[in-house]
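Asks: Below is the file input_37.csv, which contains CSV, C-alpha atoms.
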chain,number,residue,atom,x,y,z
A,1,MET,CA,-33.3,27.1,-1.1
A,2,SER,CA,-35.1,26.5,-4.3
A,3,GLY,CA,-35.5,29.6,-6.5
A,4,LYS,CA,-38.8,31.3,-7.2
A,5,VAL,CA,-40.3,32.6,-10.4
A,6,VAL,CA,-40.9,36.3,-9.5
A,7,ALA,CA,-43.0,38.7,-11.6
A,8,ILE,CA,-42.8,42.5,-11.1
A,9,LEU,CA,-46.0,44.2,-12.1
A,10,GLY,CA,-45.0,47.8,-13.1
A,11,ALA,CA,-41.4,46.9,-13.6
A,12,THR,CA,-40.5,50.1,-15.4
A,13,GLY,CA,-41.7,52.5,-12.7
A,14,VAL,CA,-39.8,53.9,-9.8
A,15,VAL,CA,-41.0,51.4,-7.3
A,16,GLY,CA,-40.8,48.4,-9.7
A,17,ALA,CA,-37.2,49.2,-10.4
A,18,GLN,CA,-36.4,49.6,-6.7
A,19,MET,CA,-38.1,46.2,-6.1
A,20,MET,CA,-35.7,44.5,-8.5
A,21,GLN,CA,-32.7,46.2,-6.8
A,22,CYS,CA,-33.9,45.1,-3.4
A,23,LEU,CA,-34.4,41.5,-4.5
A,24,GLU,CA,-30.8,41.6,-5.8
A,25,GLU,CA,-29.4,43.3,-2.7
A,26,ARG,CA,-31.1,40.9,-0.3
A,27,ASN,CA,-30.1,37.8,-2.4
A,28,PHE,CA,-33.7,36.7,-2.8
A,29,PRO,CA,-33.8,33.3,-4.6
A,30,VAL,CA,-35.1,34.2,-8.0
A,31,SER,CA,-34.9,31.4,-10.5
A,32,ARG,CA,-36.6,33.6,-13.2
A,33,LEU,CA,-37.6,37.2,-13.3
A,34,VAL,CA,-40.7,38.2,-15.2
A,35,PRO,CA,-40.8,42.1,-15.6
A,36,LEU,CA,-44.3,43.2,-16.6
A,37,ALA,CA,-45.6,46.6,-17.8
A,38,SER,CA,-48.1,48.3,-20.1
A,39,GLU,CA,-48.0,47.9,-23.9
A,40,ARG,CA,-45.9,51.0,-24.4
A,41,SER,CA,-43.0,49.5,-22.4
A,42,VAL,CA,-43.1,46.0,-24.0
A,43,GLY,CA,-39.6,45.0,-25.2
A,44,ARG,CA,-37.8,47.5,-23.1
A,45,LYS,CA,-34.8,46.0,-21.3
A,46,VAL,CA,-34.5,46.1,-17.5
A,47,GLN,CA,-31.4,44.8,-15.7
A,48,PHE,CA,-31.4,42.3,-12.9
A,49,CYS,CA,-28.3,40.5,-11.5
A,50,GLY,CA,-26.2,41.8,-14.4
A,51,GLU,CA,-28.5,40.5,-17.1
A,52,ASP,CA,-31.0,42.2,-19.4
A,53,HIS,CA,-34.6,41.1,-19.2
A,54,ALA,CA,-37.2,42.1,-21.8
A,55,VAL,CA,-40.3,43.7,-20.4
A,56,GLN,CA,-43.5,41.6,-21.2
A,57,LEU,CA,-47.0,42.7,-21.5
A,58,ALA,CA,-48.9,42.7,-18.2
A,59,SER,CA,-51.7,40.3,-18.9
A,60,PRO,CA,-53.4,37.3,-17.2
A,61,GLN,CA,-51.3,34.9,-19.4
A,62,ALA,CA,-48.1,36.4,-18.1
A,63,PHE,CA,-48.6,34.9,-14.7
A,64,ASN,CA,-48.5,31.3,-15.8
A,65,ASN,CA,-46.1,29.3,-13.5
A,66,VAL,CA,-45.2,32.5,-11.5
A,67,ASP,CA,-44.7,31.9,-7.8
A,68,ILE,CA,-44.7,35.4,-6.4
A,69,VAL,CA,-45.9,38.7,-7.9
A,70,LEU,CA,-44.6,42.0,-6.5
A,71,GLY,CA,-47.1,44.7,-7.5
A,72,ALA,CA,-45.9,48.2,-8.3
A,73,ALA,CA,-48.8,49.3,-10.5
A,74,GLY,CA,-51.7,51.6,-9.9
A,75,ASP,CA,-55.0,50.6,-8.3
A,76,GLN,CA,-56.9,49.9,-11.6
A,77,GLN,CA,-54.2,47.6,-13.1
A,78,ALA,CA,-53.7,45.9,-9.7
A,79,SER,CA,-57.5,45.3,-9.3
A,80,GLU,CA,-57.7,43.8,-12.8
A,81,LEU,CA,-54.7,41.6,-12.9
A,82,LEU,CA,-53.6,40.5,-9.4
A,83,PRO,CA,-56.8,38.5,-8.7
A,84,GLN,CA,-56.2,36.6,-11.9
A,85,ALA,CA,-52.5,36.0,-10.9
A,86,ALA,CA,-53.7,34.8,-7.5
A,87,VAL,CA,-56.2,32.3,-9.1
A,88,GLN,CA,-53.3,30.8,-11.0
A,89,GLY,CA,-51.5,30.1,-7.7
A,90,ALA,CA,-49.1,33.1,-7.4
A,91,VAL,CA,-49.0,34.9,-4.1
A,92,CYS,CA,-49.2,38.7,-4.8
A,93,VAL,CA,-47.6,41.3,-2.6
A,94,ASP,CA,-49.2,44.5,-3.8
A,95,ASN,CA,-48.1,48.1,-3.3
A,96,SER,CA,-51.3,49.7,-4.6
A,97,HIS,CA,-54.2,50.9,-2.4
A,98,ALA,CA,-56.7,48.5,-4.1
A,99,PHE,CA,-56.8,45.7,-1.5
A,100,ARG,CA,-55.4,47.3,1.7
A,101,LEU,CA,-58.7,47.5,3.6
A,102,TYR,CA,-60.2,44.1,2.5
A,103,ASP,CA,-60.9,42.0,5.6
A,104,ASP,CA,-59.4,38.9,3.9
A,105,VAL,CA,-56.2,40.6,2.7
A,106,PRO,CA,-53.5,41.1,5.3
A,107,LEU,CA,-51.9,44.5,5.4
A,108,VAL,CA,-48.4,44.1,6.7
A,109,ILE,CA,-45.3,45.9,8.1
A,110,PRO,CA,-43.1,42.9,9.0
A,111,GLU,CA,-41.6,44.7,12.0
A,112,ILE,CA,-45.1,44.9,13.4
A,113,ASN,CA,-47.5,42.2,12.2
A,114,ALA,CA,-45.5,39.6,10.3
A,115,ALA,CA,-47.7,36.9,11.7
A,116,ASP,CA,-50.6,38.1,9.6
A,117,ILE,CA,-48.7,37.0,6.4
A,118,ALA,CA,-49.6,33.4,7.1
A,119,ASN,CA,-53.4,34.0,6.5
A,120,HIS,CA,-53.8,35.2,3.0
A,121,PRO,CA,-56.9,33.3,1.6
A,122,ARG,CA,-57.0,35.5,-1.6
A,123,ASN,CA,-53.3,34.9,-2.3
A,124,ILE,CA,-52.9,38.7,-2.0
A,125,ILE,CA,-51.0,40.5,0.7
A,126,ALA,CA,-51.1,44.3,0.8
A,127,ASN,CA,-48.2,46.7,1.3
A,128,PRO,CA,-49.3,49.8,3.3
A,129,ASN,CA,-49.0,53.4,2.3
A,130,CYS,CA,-45.5,54.8,2.4
A,131,ALA,CA,-46.3,57.4,5.0
A,132,THR,CA,-48.1,54.8,7.2
A,133,ILE,CA,-45.0,52.6,7.1
A,134,ILE,CA,-42.6,55.4,8.0
A,135,GLY,CA,-44.7,56.6,10.8
A,136,LEU,CA,-45.7,53.2,12.4
A,137,VAL,CA,-42.3,51.5,12.4
A,138,PRO,CA,-41.1,53.8,15.3
A,139,THR,CA,-44.5,54.1,16.8
A,140,TRP,CA,-45.1,50.4,17.3
A,141,PRO,CA,-42.2,49.7,19.8
A,142,LEU,CA,-43.3,52.7,21.9
A,143,HIS,CA,-46.9,51.4,21.8
A,144,GLN,CA,-45.8,48.0,23.0
A,145,ALA,CA,-44.1,49.7,26.0
A,146,ALA,CA,-46.7,52.2,27.1
A,147,GLY,CA,-49.8,51.8,24.9
A,148,ILE,CA,-50.7,54.7,22.5
A,149,LYS,CA,-54.2,56.3,22.6
A,150,ARG,CA,-53.8,58.9,19.9
A,151,MET,CA,-51.5,60.1,17.2
A,152,ILE,CA,-51.2,63.6,15.7
A,153,VAL,CA,-49.2,63.5,12.5
A,154,SER,CA,-47.9,66.0,10.0
A,155,THR,CA,-46.2,64.5,6.9
A,156,TYR,CA,-43.7,66.2,4.6
A,157,GLN,CA,-43.8,64.0,1.5
A,158,ALA,CA,-41.2,64.1,-1.3
A,159,ALA,CA,-42.0,64.6,-4.9
A,160,SER,CA,-41.1,61.0,-5.7
A,161,GLY,CA,-44.1,59.9,-3.7
A,162,ALA,CA,-46.0,60.8,-6.9
A,163,GLY,CA,-43.8,58.4,-8.9
A,164,MET,CA,-41.5,59.2,-11.8
A,165,ALA,CA,-44.0,61.9,-12.9
A,166,GLY,CA,-43.5,63.7,-9.6
A,167,LEU,CA,-39.7,63.6,-9.8
A,168,THR,CA,-39.7,64.7,-13.4
A,169,GLU,CA,-42.0,67.6,-12.8
A,170,LEU,CA,-40.0,69.0,-9.8
A,171,VAL,CA,-36.8,68.9,-11.9
A,172,ARG,CA,-38.7,70.6,-14.8
A,173,GLU,CA,-40.1,73.3,-12.7
A,174,HIS,CA,-36.8,74.2,-11.1
A,175,LYS,CA,-35.2,74.3,-14.6
A,176,ALA,CA,-37.9,76.5,-16.0
A,177,LEU,CA,-37.8,79.0,-13.1
A,178,ASP,CA,-34.0,79.1,-13.1
A,179,GLU,CA,-34.1,80.0,-16.8
A,180,GLY,CA,-36.7,82.7,-16.2
A,181,GLN,CA,-39.6,80.8,-17.9
A,182,ALA,CA,-43.1,80.3,-16.7
A,183,VAL,CA,-43.8,77.0,-15.0
A,184,GLY,CA,-47.0,76.3,-17.0
A,185,SER,CA,-48.8,73.0,-16.3
A,186,THR,CA,-47.9,71.4,-13.0
A,187,ASP,CA,-49.2,67.9,-13.5
A,188,PRO,CA,-49.2,65.6,-11.4
A,189,PHE,CA,-49.4,68.3,-8.8
A,190,ALA,CA,-52.3,70.8,-8.3
A,191,TYR,CA,-49.9,73.7,-8.0
A,192,GLN,CA,-46.2,74.5,-8.6
A,193,LEU,CA,-44.1,72.5,-6.2
A,194,ALA,CA,-40.7,74.1,-6.7
A,195,TYR,CA,-40.1,76.7,-3.9
A,196,ASN,CA,-43.6,75.8,-2.5
A,197,LEU,CA,-45.5,73.5,-0.2
A,198,ILE,CA,-48.9,71.9,-1.2
A,199,PRO,CA,-51.1,70.9,1.8
A,200,GLN,CA,-53.0,68.3,-0.2
A,201,ILE,CA,-52.1,64.8,-1.2
A,202,GLY,CA,-55.1,62.8,-2.6
A,203,GLY,CA,-58.7,63.9,-2.9
A,204,PHE,CA,-60.7,65.5,-0.1
A,205,LYS,CA,-63.0,63.1,1.7
A,206,ASP,CA,-65.0,63.2,4.9
A,207,ASP,CA,-64.6,66.2,7.2
A,208,ASP,CA,-62.2,67.7,4.7
A,209,TYR,CA,-59.4,65.2,5.3
A,210,THR,CA,-57.7,63.9,2.2
A,211,SER,CA,-57.5,60.3,1.1
A,212,GLU,CA,-53.8,60.2,2.0
A,213,GLU,CA,-54.5,61.6,5.5
A,214,LEU,CA,-57.2,59.0,6.2
A,215,LYS,CA,-54.8,56.1,5.3
A,216,MET,CA,-52.7,56.7,8.4
A,217,GLN,CA,-55.7,56.1,10.7
A,218,ASN,CA,-57.5,53.4,8.7
A,219,GLU,CA,-54.3,51.4,7.8
A,220,GLY,CA,-52.8,51.9,11.2
A,221,ARG,CA,-55.8,50.5,12.9
A,222,LYS,CA,-55.6,47.3,10.8
A,223,ILE,CA,-51.9,46.8,11.0
A,224,MET,CA,-51.7,47.3,14.8
A,225,HIS,CA,-55.0,45.5,15.4
A,226,MET,CA,-56.2,48.6,17.2
A,227,PRO,CA,-59.7,49.4,15.8
A,228,GLU,CA,-60.2,52.3,18.1
A,229,LEU,CA,-57.0,54.1,17.4
A,230,PHE,CA,-57.4,57.9,16.9
A,231,VAL,CA,-55.2,59.6,14.3
A,232,SER,CA,-55.3,63.2,13.1
A,233,CYS,CA,-53.1,63.6,10.0
A,234,THR,CA,-52.1,66.5,7.7
A,235,CYS,CA,-50.2,65.5,4.6
A,236,VAL,CA,-48.0,68.0,2.8
A,237,ARG,CA,-46.1,67.7,-0.5
A,238,VAL,CA,-42.7,69.3,-0.3
A,239,PRO,CA,-40.1,70.1,-2.9
A,240,VAL,CA,-37.7,67.3,-1.8
A,241,MET,CA,-36.7,64.6,-4.3
A,242,ARG,CA,-36.7,61.6,-2.0
A,243,SER,CA,-37.6,60.5,1.5
A,244,HIS,CA,-40.6,61.5,3.5
A,245,SER,CA,-40.5,63.2,6.9
A,246,GLU,CA,-43.1,63.1,9.7
A,247,SER,CA,-43.7,65.0,12.9
A,248,ILE,CA,-45.6,62.7,15.3
A,249,THR,CA,-47.2,63.4,18.7
A,250,LEU,CA,-48.2,60.3,20.7
A,251,ASP,CA,-50.5,60.2,23.7
A,252,PHE,CA,-49.8,57.1,25.9
A,253,GLU,CA,-51.7,55.1,28.5
A,254,GLN,CA,-48.6,55.0,30.7
A,255,ASP,CA,-45.7,57.3,31.4
A,256,MET,CA,-43.0,57.5,28.7
A,257,SER,CA,-40.0,59.8,29.0
A,258,PRO,CA,-37.8,60.9,26.1
A,259,GLU,CA,-35.0,58.9,27.7
A,260,GLN,CA,-37.1,55.8,27.8
A,261,ALA,CA,-38.2,56.3,24.2
A,262,ARG,CA,-34.7,56.6,23.0
A,263,GLU,CA,-33.7,53.4,24.8
A,264,ILE,CA,-36.6,51.5,23.3
A,265,LEU,CA,-36.1,52.8,19.8
A,266,SER,CA,-32.4,52.1,19.9
A,267,ARG,CA,-33.3,48.4,20.1
A,268,ALA,CA,-36.2,48.5,17.7
A,269,PRO,CA,-35.9,46.7,14.3
A,270,GLY,CA,-35.8,49.0,11.4
A,271,VAL,CA,-35.2,52.1,13.5
A,272,LYS,CA,-32.1,54.3,13.9
A,273,VAL,CA,-32.0,56.9,16.7
A,274,VAL,CA,-30.4,60.1,15.4
A,275,ASP,CA,-31.1,62.5,18.3
A,276,LYS,CA,-28.4,64.9,19.5
A,277,PRO,CA,-30.0,68.4,19.1
A,278,ASN,CA,-27.1,70.1,21.0
A,279,GLU,CA,-24.9,68.9,18.2
A,280,LEU,CA,-27.5,69.7,15.5
A,281,VAL,CA,-27.9,66.0,14.8
A,282,TYR,CA,-31.4,65.0,13.7
A,283,PRO,CA,-33.0,63.0,10.8
A,284,MET,CA,-33.2,64.7,7.4
A,285,PRO,CA,-34.3,63.4,4.0
A,286,LEU,CA,-30.8,63.7,2.5
A,287,ASP,CA,-29.4,61.3,5.1
A,288,THR,CA,-32.2,58.8,4.9
A,289,SER,CA,-32.4,58.3,1.1
A,290,ASN,CA,-31.2,55.1,-0.5
A,291,GLN,CA,-31.3,53.0,2.7
A,292,ASP,CA,-34.0,51.2,4.7
A,293,ALA,CA,-33.9,52.4,8.3
A,294,ILE,CA,-36.4,54.9,9.7
A,295,PHE,CA,-34.3,57.7,11.4
A,296,VAL,CA,-35.9,59.1,14.6
A,297,GLY,CA,-34.9,62.2,16.5
A,298,ARG,CA,-36.2,65.4,18.1
A,299,ILE,CA,-37.7,63.2,20.8
A,300,ARG,CA,-39.2,65.4,23.5
A,301,LYS,CA,-42.2,65.9,25.8
A,302,ASP,CA,-45.3,67.4,24.4
A,303,LEU,CA,-45.5,70.6,26.5
A,304,SER,CA,-49.1,71.2,25.4
A,305,SER,CA,-50.4,68.0,27.0
A,306,PRO,CA,-52.2,68.1,30.4
A,307,THR,CA,-50.1,65.0,31.2
A,308,PRO,CA,-46.7,65.7,29.6
A,309,SER,CA,-45.3,62.5,31.2
A,310,ARG,CA,-47.6,60.5,28.9
A,311,SER,CA,-47.1,62.4,25.7
A,312,LEU,CA,-44.1,62.7,23.3
A,313,THR,CA,-43.3,64.4,20.1
A,314,LEU,CA,-40.8,63.0,17.6
A,315,TRP,CA,-39.5,63.6,14.1
A,316,CYS,CA,-38.8,60.7,11.7
A,317,CYS,CA,-37.6,60.4,8.1
A,318,GLY,CA,-37.5,57.4,5.8
A,319,ASP,CA,-37.0,56.5,2.2
A,320,GLN,CA,-40.5,56.0,0.9
A,321,ILE,CA,-39.3,54.3,-2.3
A,322,ARG,CA,-37.4,51.7,-0.3
A,323,LYS,CA,-38.8,50.9,3.1
A,324,GLY,CA,-42.0,52.8,2.3
A,325,ALA,CA,-42.7,50.6,-0.7
A,326,ALA,CA,-40.2,48.2,-2.4
A,327,THR,CA,-38.2,46.9,0.6
A,328,ASN,CA,-41.3,46.3,2.7
A,329,ALA,CA,-42.8,44.3,-0.1
A,330,VAL,CA,-39.6,42.2,-0.5
A,331,GLN,CA,-39.5,41.7,3.3
A,332,ILE,CA,-43.0,40.2,3.1
A,333,ALA,CA,-41.9,38.0,0.2
A,334,GLU,CA,-39.0,36.7,2.3
A,335,TYR,CA,-41.5,35.5,4.9
A,336,LEU,CA,-43.4,33.6,2.1
A,337,LEU,CA,-40.2,31.5,1.6
How does this structure look as structure tokens?
Replies:
Amino acid sequence: MSGKVVAILGATGVVGAQMMQCLEERNFPVSRLVPLASERSVGRKVQFCGEDHAVQLASPQAFNNVDIVLGAAGDQQASELLPQAAVQGAVCVDNSHAFRLYDDVPLVIPEINAADIANHPRNIIANPNCATIIGLVPTWPLHQAAGIKRMIVSTYQAASGAGMAGLTELVREHKALDEGQAVGSTDPFAYQLAYNLIPQIGGFKDDDYTSEELKMQNEGRKIMHMPELFVSCTCVRVPVMRSHSESITLDFEQDMSPEQAREILSRAPGVKVVDKPNELVYPMPLDTSNQDAIFVGRIRKDLSSPTPSRSLTLWCCGDQIRKGAATNAVQIAEYLL
């Protein structure tokens, strides 16, 4: 297989670094790596396949002769640079929110809608939100079996979901409090996260839902080709370093027992069933970090439903830096080969 020239936009961030690691782990055929970042990181060395690579300035000229761009930058930088990379012939797999809901940009979780990758007229393919990926990977096989009508989701999202700044801030807060000092400024969080929960991720939008909460519905509808899917989501930032957790209740068109769900999920790609409550075995962030499967457990009937035979509640955890961002992007790039 001929090698590809691969650029990483945002190579010095948490997701960009993870993208390089995933490329290496999965033996992606890279003939030349082009790490790109802002001016303050130019000249910094990043390691890939045992060699140091100097970070270059993220500019339109940097995409000359690049085959694939993996985007790990923010919305503004992605909006400015990726269309220019695409015009030069590179196919861009972007982790930002900038292009996700464009009609002519596929939004892809390979376990669900890999076929959409083939149609990318802009030369841009969007990576979904991390919580969307973690929630939909186990939801999709159950939908295929019994047809979902509605999702009620609560997410418990790690500090690293806010990037390196989130990780650094949580560590700093714990250190300050352990030393008896005041926490002070809590940027990038609205409040102290250490020993706390913050029931807000993103800005508040229509009907007092946040932008993060609306992504689960809007992105889920597009990915699963279900324009009428109903989702109610509450997103909470929690003082966990890595891996997001989600409590999901699903209403189905047909009967679906917990036993059926476990059997279906045990065969589903990207899913690992971890569900032995009598032995205190269930998914947790510590167990799901630094790997790519979505762990699913606590599968049970929804006792509040008027038709409990058609409603299940489950708990899932997944590494939002890997499967929720970097690995999913690299999987998409593999289909491009």
Asks: Work out how far CA of Asp208 (chain A) is from CA of Leu167 (chain A), in Å to one decimal.
Replies: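 Separation between CA of Leu167 (chain A) and CA of Asp208 (chain A): 27.1 Å.
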Asks: Which polymer residues have any atom within 10 Å of an atom of Val231 (chain A), counting all atoms listed in the file, with same-chain residues fewer than 3 positions away left out, as a VMD selection string?
Replies: chain A and resid 149 to 153 213 to 218 220 to 221 228 249 to 250
Asks: Can you tell me, as a ChimeraX atom specification, what residues are no more than 7 Å from region 6-17 of chain A when counting all atoms listed in the file, ignoring any on the same chain fewer than 3 positions away?
Replies: /A:20-21,30,32-37,58,66-73,163-164,321,325-326
Asks: Could you take the residues named above and write them with C-alpha atoms, as an mmCIF file, in the frame of the given file?
Replies:
data_model
loop_
_atom_site.group_PDB
_atom_site.id
_atom_site.type_symbol
_atom_site.label_atom_id
_atom_site.label_comp_id
_atom_site.auth_asym_id
_atom_site.auth_seq_id
_atom_site.Cartn_x
_atom_site.Cartn_y
_atom_site.Cartn_z
ATOM 1 C CA MET A 20 -35.700 44.500 -8.500
ATOM 2 C CA GLN A 21 -32.700 46.200 -6.800
ATOM 3 C CA VAL A 30 -35.100 34.200 -8.000
ATOM 4 C CA ARG A 32 -36.600 33.600 -13.200
ATOM 5 C CA LEU A 33 -37.600 37.200 -13.300
ATOM 6 C CA VAL A 34 -40.700 38.200 -15.200
ATOM 7 C CA PRO A 35 -40.800 42.100 -15.600
ATOM 8 C CA LEU A 36 -44.300 43.200 -16.600
ATOM 9 C CA ALA A 37 -45.600 46.600 -17.800
ATOM 10 C CA ALA A 58 -48.900 42.700 -18.200
ATOM 11 C CA VAL A 66 -45.200 32.500 -11.500
ATOM 12 C CA ASP A 67 -44.700 31.900 -7.800
ATOM 13 C CA ILE A 68 -44.700 35.400 -6.400
ATOM 14 C CA VAL A 69 -45.900 38.700 -7.900
ATOM 15 C CA LEU A 70 -44.600 42.000 -6.500
ATOM 16 C CA GLY A 71 -47.100 44.700 -7.500
ATOM 17 C CA ALA A 72 -45.900 48.200 -8.300
ATOM 18 C CA ALA A 73 -48.800 49.300 -10.500
ATOM 19 C CA GLY A 163 -43.800 58.400 -8.900
ATOM 20 C CA MET A 164 -41.500 59.200 -11.800
ATOM 21 C CA ILE A 321 -39.300 54.300 -2.300
ATOM 22 C CA ALA A 325 -42.700 50.600 -0.700
ATOM 23 C CA ALA A 326 -40.200 48.200 -2.400
#
Asks: Between CA of Ser245 (chain A) and CA of Asn27 (chain A), what is the distance in Å, rounded to a tenth?
Replies: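 That distance, rounded to one decimal, is 29.0 Å.
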Asks: Please work out which residues fall within 9 Å of (-38.6, 61.0, 1.3), coordinates as given in the file, with all atoms listed in the file counting, and return them as a list of chain:residue names.
Replies: A:Tyr156, A:Gln157, A:Ala158, A:Ala159, A:Ser160, A:Gly161, A:Val240, A:Met241, A:Arg242, A:Ser243, A:His244, A:Ser245, A:Met284, A:Pro285, A:Leu286, A:Thr288, A:Ser289, A:Cys317, A:Gly318, A:Asp319, A:Gln320, A:Ile321, A:Gly324
Asks: Which of these residues is nearest to Val238 (chain A), using all atoms listed in the file: A:Thr168, A:Thr155, A:Ser96, A:Ser185?
Replies: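 Looking only at the distances to Val238 (chain A), the closest residue turns out to be A:Thr155.
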Asks: I need the residue nearest Thr234 (chain A) from this list: A:Phe189, A:Ile294, A:Ile248, A:Ser154. Use only C-alpha atoms for the distance.
Replies: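 The shortest atom-to-atom distance to Thr234 (chain A) comes from A:Ser154.
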Asks: Can you put N, CA and C atoms back into region 223-247 of chain A and show it as a compact mmCIF listing (two decimals), in the coordinates of the input?
Replies:
# COMPACT_ATOMS: atom_id res chain seq x y z
N ILE A 223 -53.21 47.38 10.80
CA ILE A 223 -51.90 46.80 11.00
C ILE A 223 -51.61 46.51 12.46
N MET A 224 -51.96 47.44 13.34
CA MET A 224 -51.70 47.30 14.80
C MET A 224 -52.77 46.58 15.52
N HIS A 225 -53.82 46.17 14.81
CA HIS A 225 -55.00 45.50 15.40
C HIS A 225 -55.55 46.37 16.55
N MET A 226 -55.71 47.66 16.22
CA MET A 226 -56.20 48.60 17.20
C MET A 226 -57.43 49.37 16.50
N PRO A 227 -58.61 48.76 16.49
CA PRO A 227 -59.70 49.40 15.80
C PRO A 227 -60.21 50.70 16.30
N GLU A 228 -59.80 51.04 17.51
CA GLU A 228 -60.20 52.30 18.10
C GLU A 228 -59.16 53.39 18.06
N LEU A 229 -58.04 53.14 17.39
CA LEU A 229 -57.00 54.10 17.40
C LEU A 229 -57.42 55.42 16.72
N PHE A 230 -57.09 56.53 17.37
CA PHE A 230 -57.40 57.90 16.90
C PHE A 230 -56.20 58.51 16.25
N VAL A 231 -56.35 58.99 15.01
CA VAL A 231 -55.20 59.60 14.30
C VAL A 231 -55.77 60.90 13.64
N SER A 232 -55.09 62.01 13.83
CA SER A 232 -55.30 63.20 13.10
C SER A 232 -54.08 63.50 12.25
N CYS A 233 -54.23 63.54 10.91
CA CYS A 233 -53.10 63.60 10.00
C CYS A 233 -53.22 64.75 9.04
N THR A 234 -52.14 65.48 8.79
CA THR A 234 -52.10 66.50 7.70
C THR A 234 -50.91 66.11 6.82
N CYS A 235 -51.20 65.89 5.53
CA CYS A 235 -50.20 65.50 4.60
C CYS A 235 -49.81 66.62 3.65
N VAL A 236 -48.53 66.90 3.54
CA VAL A 236 -48.00 68.00 2.80
C VAL A 236 -47.00 67.54 1.75
N ARG A 237 -47.15 67.96 0.50
CA ARG A 237 -46.10 67.70 -0.50
C ARG A 237 -45.09 68.76 -0.46
N VAL A 238 -43.82 68.36 -0.40
CA VAL A 238 -42.70 69.30 -0.30
C VAL A 238 -41.74 69.15 -1.41
N PRO A 239 -40.98 70.20 -1.74
CA PRO A 239 -40.10 70.10 -2.90
C PRO A 239 -38.75 69.45 -2.55
N VAL A 240 -38.87 68.19 -2.12
CA VAL A 240 -37.70 67.30 -1.80
C VAL A 240 -37.82 66.16 -2.80
N MET A 241 -36.70 65.69 -3.28
CA MET A 241 -36.70 64.60 -4.30
C MET A 241 -37.12 63.29 -3.71
N ARG A 242 -36.53 62.95 -2.55
CA ARG A 242 -36.70 61.60 -2.00
C ARG A 242 -36.67 61.60 -0.52
N SER A 243 -37.42 60.71 0.08
CA SER A 243 -37.60 60.50 1.50
C SER A 243 -38.63 61.41 2.13
N HIS A 244 -39.57 60.76 2.81
CA HIS A 244 -40.60 61.50 3.50
C HIS A 244 -40.19 61.75 4.95
N SER A 245 -40.72 62.84 5.50
CA SER A 245 -40.50 63.20 6.90
C SER A 245 -41.82 63.34 7.61
N GLU A 246 -41.83 63.07 8.92
CA GLU A 246 -43.10 63.10 9.70
C GLU A 246 -42.81 63.70 11.08
N SER A 247 -43.70 64.58 11.50
CA SER A 247 -43.70 65.00 12.90
C SER A 247 -44.90 64.32 13.57
